[in-house]
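Student: Submitted below is the structure of interest, expressed as structure tokens.
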Amino acid sequence: MTFPTHVRLVEVGPRDGLQNEPEAIDTGTKLALIDRLGAAGLTHIEAASFVSPKWVPQMADHREVMHGLRRHEGVTYSALTPNLKGLEAALECGVDEVAVFGAASEAFSRKNINCSVAESLERFAPVLERAREANVRVRGYVSCVLGCPYEGEIAPARVAEVARALHEMGCYEVSLGDTIGTGTPLKAKRMLEAVARDVPMERLGAHFHDTYGQALANLYAVLEEGIAVIDSSVAGLGGCPYAKGASGNVASEDVVYLLDGLGIAHGVDLEKLAAAGSWITRAIGRPNRSKAGVALSSR
């Protein structure tokens, strides 16, 4: 058992959480949420998604969000950029860091980004090259690492193959996503063991959804293996529009509460984070899925 001494939280709520809402959230609300998250001590916030408004209309205001940020010192504000057009737009907005996303499932890749896994990796090559020219770091995502809504079980070797390709392409970090939240601790460990043979542990992150209530257990399992980067969404917001029935990401408040209990440093103020979760769920009329957040708010 080798728990890390410090964990970096990557807050994906403003992007992954709000893009799955059935109705657009106004720009002012997004900016207020991002500001509250920065004030709570989160140092890495994925603020926008530079995807086509045709496919994700909730993210149509990505430029306004990036230009309207009240930047907190020491906070990295990143954005999702699936192609070169998205990257160029993000660079124009002064983005600190960008992310590309692939999948370990052929079927999911075709449903999500309308191409094969191999084709998706080919598309990322010019994005990585242009980002290097602009001196902007690129983070990679791998979806469906513990199961796919179309293919079912995913072999750890397939996850490792995609993660290795992203790493070799130049992604400084690769986030491993249980997109539909069907993973269990032993599966998470076996998947991570396979990936870590090809990509250094310090270059990997965990991105677990909580559909079956296993996200925290799965995080505990990979923390034992040395994972020190965790993606999460305030109040457990989010989900995947291409994975019916999948719930939101693991709640940031619950992750912080777990880390506190393990004595792992993270730099986040839980009280402020919980307040942000309560505020955004009231603002958008959605239930707060964070157990710790609800408990703290009811005291």
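Labels for the structure tokens follow display order: chains A, B, ..., residues from 1 in each chain, ligands from 1.
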Might you pull out every residue within 8 Å of Ala235 of chain A, with only C-alpha atoms counted and same-chain residues fewer than 6 positions away left off, and present them as a list in words?

Tutor: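 What passes the distance filter is Ala251, Ser252, Glu253, Ala274, Gly277, Ser278, Thr281, Asn288, Arg289, Ser290 and Gly293 of chain A.
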
Student: List as a list in words the protein and nucleic acid residues near Gly183 of chain A, meaning an atom at most 7 Å away when only C-alpha atoms are counted, but skip any in the same chain fewer than 6 places from it.

Tutor: Leu146, Gly147 and Gln214 of chain A

Student: With C-alpha atoms retained, could you export that selection as a PDB file, in the first residue's frame?

Tutor:
ATOM      1  CA  LEU A 146     -13.789  -0.032 -17.184  1.00  0.00           C
ATOM      2  CA  GLY A 147     -16.704  -0.722 -19.501  1.00  0.00           C
ATOM      3  CA  GLN A 214     -18.432   2.545  -6.708  1.00  0.00           C
TER       4      GLN A 214
END

Student: One number please: atom CA of Leu69 of chain A to atom CA of Arg123 of chain A, in Å, one decimal.

Tutor: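 According to the coordinates, atom CA of Leu69 of chain A and atom CA of Arg123 of chain A are separated by 29.2 Å.
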
Student: With distances taken over only C-alpha atoms, which of A:Asn83, A:Cys148, A:Tyr141, A:Ala155 is nearest to Val127 of chain A?

Tutor: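 For Val127 of chain A, the nearest of the candidates is A:Asn83.
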
Student: Could you check how far atom CA of Ile34 of chain A sits from atom CA of Gly68 of chain A, in Å to one decimal?

Tutor: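 So the answer is 10.4 Å.
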
Student: Could you list, as a count of residues only, every residue within 6 Å of Val100 of chain A, counting only C-alpha atoms and ignoring same-chain residues fewer than 6 positions away?

Tutor: 3

Student: Hey, what's within 12 Å of Ile113 of chain A if we count only C-alpha atoms and toss same-chain stuff fewer than 2 positions away? As a list of chain:residue names, please?

Tutor: A:Val51, A:Ser52, A:Trp55, A:Val56, A:Pro82, A:Asn83, A:Val100, A:Phe101, A:Gly102, A:Ala103, A:Ser105, A:Glu106, A:Ala107, A:Phe108, A:Ser109, A:Arg110, A:Lys111, A:Cys115, A:Ser116, A:Val117, A:Ala118, A:Glu119, A:Ser120, A:Leu121, A:Arg123, A:Ser143, A:Pro241, A:Tyr242

Student: Of the residues A:Arg132, A:Lys30, A:Glu168, A:Glu271, which is the one nearest to Ala292 of chain A, using only C-alpha atoms?

Tutor: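 Looking at the shortest contact to Ala292 of chain A, the residue is A:Glu271.
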
Student: May I ask which of the residues A:Arg190, A:His62, A:Arg203, A:Arg197 is the closest one to Asn218 of chain A, counting only C-alpha atoms?

Tutor: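 That would be A:Arg190, the residue with the smallest distance to Asn218 of chain A.
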
Student: Can you tell me, as an MDAnalysis selection string, what residues are no more than 6 Å from Gly226 of chain A when counting only C-alpha atoms, ignoring any on the same chain fewer than 5 positions away?

Tutor: chainID A and resid 2:4
